[in-house]
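Below is the file upload_17.cif, which contains mmCIF, C-alpha atoms and all ligand atoms.
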data_final
loop_
_atom_site.group_PDB
_atom_site.id
_atom_site.type_symbol
_atom_site.label_atom_id
_atom_site.label_comp_id
_atom_site.auth_asym_id
_atom_site.auth_seq_id
_atom_site.Cartn_x
_atom_site.Cartn_y
_atom_site.Cartn_z
ATOM 1 C CA MET A 98 -38.200 3.159 -10.024
ATOM 2 C CA LYS A 99 -36.210 3.031 -6.822
ATOM 3 C CA GLN A 100 -33.452 0.459 -6.893
ATOM 4 C CA VAL A 101 -32.012 -1.469 -4.045
ATOM 5 C CA SER A 102 -28.231 -1.358 -4.028
ATOM 6 C CA TYR A 103 -26.084 -3.758 -2.166
ATOM 7 C CA GLY A 104 -22.872 -2.608 -0.525
ATOM 8 C CA THR A 105 -22.807 0.630 -2.447
ATOM 9 C CA THR A 106 -20.089 3.074 -1.537
ATOM 10 C CA ALA A 107 -21.466 5.962 -3.541
ATOM 11 C CA LYS A 108 -21.512 7.968 -0.321
ATOM 12 C CA PRO A 109 -18.909 6.450 1.953
ATOM 13 C CA ASN A 110 -18.413 7.688 5.501
ATOM 14 C CA ASN A 111 -15.325 9.665 6.284
ATOM 15 C CA ARG A 112 -13.464 8.419 9.298
ATOM 16 C CA ALA A 113 -10.294 10.268 8.306
ATOM 17 C CA ARG A 114 -11.286 13.922 7.964
ATOM 18 C CA TYR A 115 -7.731 14.900 8.832
ATOM 19 C CA ALA A 116 -6.478 13.530 5.479
ATOM 20 C CA LYS A 117 -6.856 15.489 2.240
ATOM 21 C CA HIS A 118 -6.280 12.427 0.068
ATOM 22 C CA ILE A 119 -6.556 8.729 0.803
ATOM 23 C CA ILE A 120 -4.629 6.249 -1.331
ATOM 24 C CA ALA A 121 -5.314 2.523 -0.948
ATOM 25 C CA VAL A 122 -2.573 0.172 -2.144
ATOM 26 C CA THR A 123 -4.137 -3.128 -3.044
ATOM 27 C CA SER A 124 -3.702 -6.276 -5.145
ATOM 28 C CA GLY A 125 -5.581 -9.408 -5.935
ATOM 29 C CA LYS A 126 -2.794 -11.697 -4.827
ATOM 30 C CA GLY A 127 -0.527 -11.843 -1.795
ATOM 31 C CA GLY A 128 3.195 -11.280 -1.869
ATOM 32 C CA VAL A 129 3.333 -9.140 -4.995
ATOM 33 C CA GLY A 130 4.784 -6.073 -3.268
ATOM 34 C CA LYS A 131 1.931 -4.018 -1.789
ATOM 35 C CA SER A 132 3.821 -3.261 1.409
ATOM 36 C CA THR A 133 7.029 -2.474 -0.480
ATOM 37 C CA VAL A 134 5.152 -0.089 -2.771
ATOM 38 C CA SER A 135 3.154 1.450 0.133
ATOM 39 C CA VAL A 136 6.273 2.163 2.172
ATOM 40 C CA ASN A 137 8.335 3.577 -0.690
ATOM 41 C CA LEU A 138 5.445 5.538 -2.207
ATOM 42 C CA SER A 139 4.669 7.118 1.189
ATOM 43 C CA ILE A 140 8.272 8.188 1.625
ATOM 44 C CA ALA A 141 8.450 9.448 -1.978
ATOM 45 C CA LEU A 142 5.373 11.628 -1.362
ATOM 46 C CA ALA A 143 6.983 12.975 1.825
ATOM 47 C CA GLN A 144 10.191 13.709 -0.110
ATOM 48 C CA LEU A 145 8.060 15.791 -2.478
ATOM 49 C CA GLY A 146 6.968 17.902 0.486
ATOM 50 C CA HIS A 147 3.666 16.274 1.451
ATOM 51 C CA ARG A 148 2.555 15.326 4.963
ATOM 52 C CA VAL A 149 2.075 11.570 4.869
ATOM 53 C CA GLY A 150 0.632 8.938 7.180
ATOM 54 C CA LEU A 151 0.871 5.226 6.426
ATOM 55 C CA LEU A 152 -1.788 2.928 7.841
ATOM 56 C CA ASP A 153 -0.877 -0.751 7.752
ATOM 57 C CA ALA A 154 -4.262 -2.432 7.251
ATOM 58 C CA ASP A 155 -2.752 -5.900 7.045
ATOM 59 C CA VAL A 156 -3.574 -6.925 10.604
ATOM 60 C CA TYR A 157 -2.632 -10.577 10.098
ATOM 61 C CA GLY A 158 0.717 -9.869 8.458
ATOM 62 C CA PRO A 159 1.844 -6.388 9.474
ATOM 63 C CA ASP A 160 5.095 -5.997 7.536
ATOM 64 C CA THR A 161 5.540 -2.240 7.453
ATOM 65 C CA PRO A 162 7.192 -1.787 10.906
ATOM 66 C CA ARG A 163 10.155 -3.957 9.886
ATOM 67 C CA MET A 164 10.388 -2.304 6.475
ATOM 68 C CA LEU A 165 10.613 1.064 8.267
ATOM 69 C CA GLN A 166 12.951 -0.042 11.049
ATOM 70 C CA ILE A 167 10.436 0.621 13.818
ATOM 71 C CA GLU A 168 9.562 -3.002 14.613
ATOM 72 C CA ASN A 169 10.757 -2.685 18.198
ATOM 73 C CA GLU A 170 8.706 0.404 18.948
ATOM 74 C CA ARG A 171 5.459 0.000 20.893
ATOM 75 C CA VAL A 172 2.537 2.363 20.506
ATOM 76 C CA GLN A 173 2.361 5.206 23.039
ATOM 77 C CA TRP A 174 -0.764 7.012 24.212
ATOM 78 C CA SER A 175 -1.085 10.776 24.360
ATOM 79 C CA ASP A 176 -2.637 12.764 27.222
ATOM 80 C CA HIS A 177 -5.746 13.027 25.062
ATOM 81 C CA ASN A 178 -6.061 9.270 24.943
ATOM 82 C CA GLN A 179 -4.919 9.030 21.358
ATOM 83 C CA MET A 180 -2.365 6.641 19.926
ATOM 84 C CA ILE A 181 0.830 8.365 18.869
ATOM 85 C CA PRO A 182 1.983 7.061 15.470
ATOM 86 C CA SER A 183 5.617 6.063 15.028
ATOM 87 C CA GLU A 184 7.693 8.215 12.708
ATOM 88 C CA ASN A 185 10.610 7.418 10.445
ATOM 89 C CA PHE A 186 11.872 8.554 7.033
ATOM 90 C CA GLY A 187 9.574 11.574 7.234
ATOM 91 C CA ILE A 188 6.275 9.686 7.515
ATOM 92 C CA LYS A 189 3.924 8.693 10.355
ATOM 93 C CA ILE A 190 3.071 5.023 10.685
ATOM 94 C CA MET A 191 0.391 3.068 12.496
ATOM 95 C CA SER A 192 0.329 -0.715 12.430
ATOM 96 C CA VAL A 193 -1.111 -3.469 14.542
ATOM 97 C CA GLY A 194 2.480 -4.729 14.669
ATOM 98 C CA LEU A 195 3.247 -1.818 16.999
ATOM 99 C CA THR A 196 0.557 -2.858 19.471
ATOM 100 C CA THR A 197 1.352 -6.535 20.048
ATOM 101 C CA PRO A 198 3.588 -7.613 22.973
ATOM 102 C CA THR A 199 6.401 -8.583 20.579
ATOM 103 C CA PRO A 200 6.849 -7.948 16.828
ATOM 104 C CA ASP A 201 6.114 -11.588 15.988
ATOM 105 C CA THR A 202 3.054 -12.144 18.215
ATOM 106 C CA PRO A 203 0.366 -13.619 15.936
ATOM 107 C CA LEU A 204 -3.131 -12.155 16.052
ATOM 108 C CA VAL A 205 -5.910 -14.698 16.082
ATOM 109 C CA TRP A 206 -8.826 -12.403 15.392
ATOM 110 C CA ARG A 207 -12.165 -12.741 13.731
ATOM 111 C CA SER A 208 -12.481 -10.280 10.886
ATOM 112 C CA SER A 209 -15.000 -8.179 12.857
ATOM 113 C CA VAL A 210 -12.334 -7.605 15.514
ATOM 114 C CA ALA A 211 -9.722 -6.806 12.883
ATOM 115 C CA VAL A 212 -12.062 -4.282 11.302
ATOM 116 C CA SER A 213 -12.785 -2.542 14.605
ATOM 117 C CA ALA A 214 -9.064 -2.355 15.394
ATOM 118 C CA LEU A 215 -8.538 -0.594 12.058
ATOM 119 C CA MET A 216 -11.381 1.808 12.750
ATOM 120 C CA GLN A 217 -9.672 2.637 16.031
ATOM 121 C CA PHE A 218 -6.391 3.300 14.190
ATOM 122 C CA LEU A 219 -8.256 5.627 11.839
ATOM 123 C CA GLU A 220 -10.128 7.528 14.514
ATOM 124 C CA GLU A 221 -7.971 7.379 17.611
ATOM 125 C CA THR A 222 -4.510 8.040 16.222
ATOM 126 C CA ALA A 223 -2.923 11.455 16.604
ATOM 127 C CA TRP A 224 -2.155 11.740 12.881
ATOM 128 C CA GLY A 225 -2.381 15.542 12.802
ATOM 129 C CA GLU A 226 -3.228 17.097 9.440
ATOM 130 C CA LEU A 227 -2.215 14.909 6.510
ATOM 131 C CA ASP A 228 -1.963 15.551 2.798
ATOM 132 C CA PHE A 229 -1.959 11.802 2.180
ATOM 133 C CA LEU A 230 -3.100 8.811 4.143
ATOM 134 C CA VAL A 231 -1.659 5.772 2.366
ATOM 135 C CA ILE A 232 -3.254 2.452 3.270
ATOM 136 C CA ASP A 233 -1.332 -0.799 2.842
ATOM 137 C CA MET A 234 -4.138 -3.298 2.276
ATOM 138 C CA PRO A 235 -4.095 -7.011 3.057
ATOM 139 C CA PRO A 236 -4.242 -9.331 0.024
ATOM 140 C CA GLY A 237 -7.545 -10.206 -1.589
ATOM 141 C CA THR A 238 -11.032 -8.789 -1.810
ATOM 142 C CA GLY A 239 -12.513 -9.429 1.623
ATOM 143 C CA ASP A 240 -14.040 -7.799 4.657
ATOM 144 C CA ILE A 241 -11.296 -5.292 5.348
ATOM 145 C CA GLN A 242 -11.256 -3.988 1.763
ATOM 146 C CA LEU A 243 -15.030 -3.676 1.748
ATOM 147 C CA THR A 244 -15.134 -1.873 5.094
ATOM 148 C CA MET A 245 -12.431 0.566 4.025
ATOM 149 C CA ALA A 246 -14.446 1.315 0.893
ATOM 150 C CA GLU A 247 -17.511 1.996 3.022
ATOM 151 C CA GLU A 248 -15.844 4.005 5.756
ATOM 152 C CA LEU A 249 -13.409 6.157 3.786
ATOM 153 C CA PRO A 250 -13.722 8.403 0.720
ATOM 154 C CA ILE A 251 -10.763 6.811 -1.056
ATOM 155 C CA THR A 252 -9.222 9.242 -3.540
ATOM 156 C CA ALA A 253 -7.643 6.483 -5.599
ATOM 157 C CA ALA A 254 -6.608 2.860 -5.368
ATOM 158 C CA ILE A 255 -3.271 1.653 -6.652
ATOM 159 C CA ILE A 256 -3.139 -1.931 -7.785
ATOM 160 C CA VAL A 257 0.124 -3.826 -7.523
ATOM 161 C CA THR A 258 0.717 -6.852 -9.704
ATOM 162 C CA THR A 259 3.522 -8.931 -11.119
ATOM 163 C CA PRO A 260 3.583 -9.608 -14.880
ATOM 164 C CA GLN A 261 2.690 -13.254 -14.264
ATOM 165 C CA GLN A 262 -0.592 -14.558 -15.703
ATOM 166 C CA ILE A 263 -1.795 -16.003 -12.398
ATOM 167 C CA SER A 264 -1.258 -12.662 -10.697
ATOM 168 C CA LEU A 265 -3.072 -10.893 -13.524
ATOM 169 C CA ASP A 266 -6.115 -13.121 -13.126
ATOM 170 C CA ASP A 267 -6.299 -12.078 -9.492
ATOM 171 C CA VAL A 268 -5.771 -8.471 -10.423
ATOM 172 C CA SER A 269 -8.793 -8.600 -12.715
ATOM 173 C CA ARG A 270 -10.882 -9.634 -9.709
ATOM 174 C CA ALA A 271 -9.501 -6.750 -7.667
ATOM 175 C CA ILE A 272 -10.229 -4.305 -10.504
ATOM 176 C CA MET A 273 -13.785 -5.556 -10.779
ATOM 177 C CA MET A 274 -14.330 -5.222 -7.040
ATOM 178 C CA LEU A 275 -13.032 -1.651 -7.096
ATOM 179 C CA LYS A 276 -15.242 -0.798 -10.038
ATOM 180 C CA GLU A 277 -18.271 -2.305 -8.293
ATOM 181 C CA THR A 278 -17.632 -0.364 -5.123
ATOM 182 C CA GLY A 279 -17.153 2.817 -7.124
ATOM 183 C CA ILE A 280 -13.541 3.408 -6.100
ATOM 184 C CA ARG A 281 -11.431 5.275 -8.606
ATOM 185 C CA ILE A 282 -8.411 3.317 -9.778
ATOM 186 C CA GLY A 283 -5.393 5.611 -9.785
ATOM 187 C CA GLY A 284 -3.288 3.124 -11.662
ATOM 188 C CA LEU A 285 -1.364 -0.089 -11.822
ATOM 189 C CA VAL A 286 2.166 -0.751 -10.599
ATOM 190 C CA GLU A 287 3.947 -3.684 -12.199
ATOM 191 C CA ASN A 288 6.336 -4.966 -9.559
ATOM 192 C CA MET A 289 9.044 -7.589 -10.057
ATOM 193 C CA SER A 290 8.804 -6.644 -13.751
ATOM 194 C CA TYR A 291 12.158 -8.187 -14.525
ATOM 195 C CA PHE A 292 15.136 -9.414 -12.519
ATOM 196 C CA ILE A 293 18.379 -7.492 -12.567
ATOM 197 C CA ALA A 294 21.305 -9.819 -11.821
ATOM 198 C CA PRO A 295 23.500 -8.116 -9.221
ATOM 199 C CA ASP A 296 26.764 -9.427 -10.699
ATOM 200 C CA THR A 297 26.286 -8.796 -14.421
ATOM 201 C CA GLY A 298 23.410 -6.319 -14.500
ATOM 202 C CA ALA A 299 21.688 -8.581 -17.064
ATOM 203 C CA GLU A 300 17.887 -8.448 -17.119
ATOM 204 C CA TYR A 301 15.713 -11.570 -17.008
ATOM 205 C CA ALA A 302 11.923 -11.607 -17.486
ATOM 206 C CA ILE A 303 11.321 -14.201 -14.774
ATOM 207 C CA PHE A 304 7.578 -13.624 -14.513
ATOM 208 C CA GLY A 305 6.996 -12.972 -18.210
ATOM 209 C CA GLU A 306 6.664 -9.694 -20.042
ATOM 210 C CA GLY A 307 4.057 -7.095 -20.848
ATOM 211 C CA GLY A 308 1.426 -8.262 -18.337
ATOM 212 C CA GLY A 309 1.017 -4.909 -16.624
ATOM 213 C CA LYS A 310 0.673 -3.030 -19.888
ATOM 214 C CA TYR A 311 -1.835 -5.591 -21.172
ATOM 215 C CA THR A 312 -4.015 -5.283 -18.061
ATOM 216 C CA ALA A 313 -3.738 -1.494 -18.001
ATOM 217 C CA THR A 314 -4.899 -1.335 -21.619
ATOM 218 C CA LYS A 315 -7.614 -3.955 -21.155
ATOM 219 C CA TYR A 316 -9.219 -2.092 -18.239
ATOM 220 C CA ASN A 317 -8.257 1.363 -19.427
ATOM 221 C CA ILE A 318 -6.269 2.276 -16.326
ATOM 222 C CA PRO A 319 -2.891 4.023 -16.255
ATOM 223 C CA LEU A 320 0.330 2.099 -15.724
ATOM 224 C CA LEU A 321 2.011 4.232 -13.057
ATOM 225 C CA GLY A 322 5.349 2.482 -13.294
ATOM 226 C CA LYS A 323 7.404 -0.678 -13.253
ATOM 227 C CA VAL A 324 9.742 -1.829 -10.512
ATOM 228 C CA PRO A 325 12.286 -4.575 -11.260
ATOM 229 C CA LEU A 326 13.145 -7.371 -8.864
ATOM 230 C CA THR A 327 16.489 -6.418 -7.364
ATOM 231 C CA MET A 328 18.652 -7.615 -4.493
ATOM 232 C CA GLY A 329 18.796 -4.055 -3.234
ATOM 233 C CA ILE A 330 15.020 -3.671 -2.870
ATOM 234 C CA ARG A 331 14.716 -7.034 -1.124
ATOM 235 C CA LYS A 332 17.537 -6.300 1.302
ATOM 236 C CA GLY A 333 16.227 -2.797 1.888
ATOM 237 C CA SER A 334 12.829 -4.172 2.973
ATOM 238 C CA ASP A 335 14.313 -6.783 5.268
ATOM 239 C CA ARG A 336 16.706 -4.359 6.914
ATOM 240 C CA GLY A 337 14.340 -1.438 7.297
ATOM 241 C CA ARG A 338 16.239 0.644 4.759
ATOM 242 C CA PRO A 339 13.577 1.695 2.227
ATOM 243 C CA SER A 340 14.955 1.903 -1.302
ATOM 244 C CA VAL A 341 13.507 5.319 -2.079
ATOM 245 C CA ALA A 342 15.428 6.772 0.862
ATOM 246 C CA LEU A 343 18.584 4.657 1.042
ATOM 247 C CA GLY A 344 18.765 2.604 -2.161
ATOM 248 C CA SER A 345 20.684 3.164 -5.401
ATOM 249 C CA GLU A 346 19.781 6.128 -7.582
ATOM 250 C CA ASP A 347 17.873 3.814 -9.955
ATOM 251 C CA GLU A 348 15.908 2.286 -7.094
ATOM 252 C CA LYS A 349 14.996 5.714 -5.758
ATOM 253 C CA ASN A 350 13.750 6.743 -9.186
ATOM 254 C CA TYR A 351 11.447 3.753 -9.697
ATOM 255 C CA PHE A 352 9.386 4.810 -6.695
ATOM 256 C CA ARG A 353 9.720 8.580 -7.199
ATOM 257 C CA ASP A 354 8.405 8.191 -10.738
ATOM 258 C CA ILE A 355 5.409 6.216 -9.456
ATOM 259 C CA ALA A 356 4.658 8.940 -6.885
ATOM 260 C CA LYS A 357 4.899 11.638 -9.557
ATOM 261 C CA SER A 358 2.671 9.699 -11.981
ATOM 262 C CA LEU A 359 0.099 9.260 -9.212
ATOM 263 C CA LEU A 360 0.083 12.985 -8.452
ATOM 264 C CA VAL A 361 -0.485 13.769 -12.122
ATOM 265 C CA GLU A 362 -3.239 11.166 -12.275
ATOM 266 C CA ILE A 363 -5.137 12.657 -9.328
ATOM 267 C CA GLY A 364 -4.508 16.208 -10.454
ATOM 268 C CA ILE A 365 -1.960 17.448 -7.915
ATOM 269 C CA ASP A 366 1.413 18.980 -8.850
HETATM 270 N N1 LIG B 401 10.886 -5.164 -6.541
HETATM 271 C C1 LIG B 401 11.318 -5.992 -5.614
HETATM 272 N N2 LIG B 401 12.592 -6.464 -5.614
HETATM 273 C C2 LIG B 401 13.022 -7.333 -4.674
HETATM 274 N N3 LIG B 401 12.264 -7.805 -3.697
HETATM 275 C C3 LIG B 401 10.984 -7.365 -3.634
HETATM 276 C C4 LIG B 401 10.453 -6.434 -4.565
HETATM 277 N N4 LIG B 401 9.160 -6.198 -4.224
HETATM 278 C C5 LIG B 401 8.904 -6.922 -3.129
HETATM 279 N N5 LIG B 401 9.989 -7.635 -2.769
HETATM 280 C C6 LIG B 401 10.105 -8.583 -1.662
HETATM 281 O O1 LIG B 401 9.082 -9.554 -1.831
HETATM 282 C C7 LIG B 401 8.449 -9.854 -0.615
HETATM 283 C C8 LIG B 401 6.968 -9.559 -0.702
HETATM 284 O O2 LIG B 401 6.789 -8.173 -0.842
HETATM 285 P P1 LIG B 401 5.697 -7.392 0.013
HETATM 286 O O3 LIG B 401 5.737 -7.823 1.430
HETATM 287 O O4 LIG B 401 5.864 -5.953 -0.291
HETATM 288 O O5 LIG B 401 4.386 -7.942 -0.690
HETATM 289 P P2 LIG B 401 2.859 -7.832 -0.208
HETATM 290 O O6 LIG B 401 2.035 -7.802 -1.446
HETATM 291 O O7 LIG B 401 2.709 -6.705 0.732
HETATM 292 O O8 LIG B 401 2.670 -9.202 0.557
HETATM 293 P P3 LIG B 401 1.439 -9.631 1.513
HETATM 294 O O9 LIG B 401 0.338 -9.988 0.579
HETATM 295 O O10 LIG B 401 1.977 -10.782 2.270
HETATM 296 O O11 LIG B 401 1.105 -8.439 2.368
HETATM 297 C C9 LIG B 401 9.172 -9.028 0.450
HETATM 298 O O12 LIG B 401 10.122 -9.829 1.066
HETATM 299 C C10 LIG B 401 9.832 -7.915 -0.336
HETATM 300 O O13 LIG B 401 11.016 -7.494 0.260
HETATM 301 MG MG MG B 402 1.942 -6.677 2.714
#
Is it possible to express this structure as C-alpha cells?
Ligand SMILES: Nc1ncnc2c1ncn2[C@@H]1O[C@H](COP(=O)(O)OP(=O)(O)OP(=O)(O)O)[C@@H](O)[C@H]1O
Ligand SMILES: [Mg+2]
Amino acid sequence: MKQVSYGTTAKPNNRARYAKHIIAVTSGKGGVGKSTVSVNLSIALAQLGHRVGLLDADVYGPDTPRMLQIENERVQWSDHNQMIPSENFGIKIMSVGLTTPTPDTPLVWRSSVAVSALMQFLEETAWGELDFLVIDMPPGTGDIQLTMAEELPITAAIIVTTPQQISLDDVSRAIMMLKETGIRIGGLVENMSYFIAPDTGAEYAIFGEGGGKYTATKYNIPLLGKVPLTMGIRKGSDRGRPSVALGSEDEKNYFRDIAKSLLVEIGID
C-alpha cells in the first residue's frame, strides 16, 4: 500500500552541486559552541588540504564573521552577478552578517525571508568547487533546519552538546529530528567538557561528566571528540583568532582530532 510521508527528505534537492560533501553543525540548544566548532572544524579541514566553504545559516545571530576577523567586510558582487565569499584562514565564508549595513544591524525577518536569503547564499555565491561545505546552523529544530534537510543532500550532521543534562535533553530532540528526516549523524562533539583553569591548569567538571559519552552510546552515534572550556578558545573567538590556527598546541589538536575523526566516519582519508 502506498504511504503518505510528511516532510520526507529521502530524496532531497541539491542546491549545492559544487560541494562534494555537506556537513551540518547543529545542536538542540543555543550557546553550546556550534559556531566555534564550525569555524575551527572548517579551518582544520582546510589545513588537511581540503577546499572548504563555511555557510553561516544563523541569520538572526551571525557570529562567524567576528570569529574569523572579517566582521568589517561587506559582500561584493562579481561580474556574473554572484556574491563573492570572504576568505580568511584558508576557507571561504558567507554570512548574512556580511550583507547588513553594519556588523550589528539586527535582522527582523520572518522565517520565510530568512530561508530564501539562505537559498540565495547557496545558489548565488561564487563558492567555486568545494570538497566541503560546512553549515553553521542556528539553534533548535525549526524551519531553517528543515529546509536545509529538504534542499541539500547533507553528508553528515555533527551535533554539539555540553555534558549538562539540560543540554542533553535538547540534544535528544535534535537527534530524533535528524533521524526522522533521514540525515546521517556523523557524530557528537562534547564542548565545554571541563574547565581548565588558566593559572593552575587544574580541571573542573563544571557541567558534569560523561554526558557526551552517555548520549553517544544511547543513540549509537560516534563521539568525535571533546573540547574543554578554556580562556584561550573564548578569547580566540572574540578576537577573530581561531584556536585551530592561532591557539595553543593543545587547542589546535582538539579541533584537528575532531576533523580527522569525522573524515574517518564518512570514509575519507
Ligand atoms: N570550548 C570553549 N571554551 C571557551 N569558550 C567557548 C568554548 N566554546 C564556545 N565558547 C564560547 O561560548 C560562546 C558560545 O559559543 P558559540 O557562539 O560557538 O555557540 P553557538 O552554539 O554557536 O551559539 P548560538 O546558539 O547562539 O549560535 C562564545 O562566546 C564562544 O566563544
Ligand atoms: Mg552560533
Q) Can I get the residues close to ligand MG 402 (chain B) as a PyMOL selection string, where close means within 6 Å and we count all atoms listed in the file? A) chain A and resi 131-132+160
Q) So which residues touch range 234-242 of chain A within 6 Å, counting only C-alpha atoms, skipping near sequence neighbours fewer than 3 positions away, as an MDAnalysis selection string? A) chainID A and resid 122:123 125:127 154:155 245
Q | Test item: the PyMOL selection byres (((not hetatm)) within 10 of (chain B and resi 401)) resolved as a PyMOL selection string | A | chain A and resi 122-137+153-161+164+233-237+257-259+287-293+323-337+339-340+348+351
Q: Could you tell me how far CA of Val341 in chain A lies from CA of Tyr316 in chain A, in Å and to one decimal?
A: 28.9 Å
(Q) Residues within 12 Å of Thr314 in chain A, please, as a list in words. Count all atoms listed in the file; anything in the same chain fewer than 6 positions from it doesn't count. (A) Gly284, Leu285, Gly307, Gly308 and Leu320 of chain A
Q | CA of Pro319 in chain A to CA of Glu362 in chain A, straight-line distance in Å | A |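 Atom-to-atom, CA of Glu362 in chain A to CA of Pro319 in chain A, that is 8.2 Å.
One distance worth recording is that between CA of Val286 in chain A and CA of Ile255 in chain A, which is 7.1 Å.
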Q) With distances taken over all atoms listed in the file, which of A:Ala342, A:Leu204, A:Ala271, A:Met180 is nearest to Thr312 in chain A? A) A:Ala271
Q: Tell me which residues the PyMOL selection byres (((chain A and resi 353-355) around 8) and not hetatm) grabs here, as a count of residues only.
A: 15
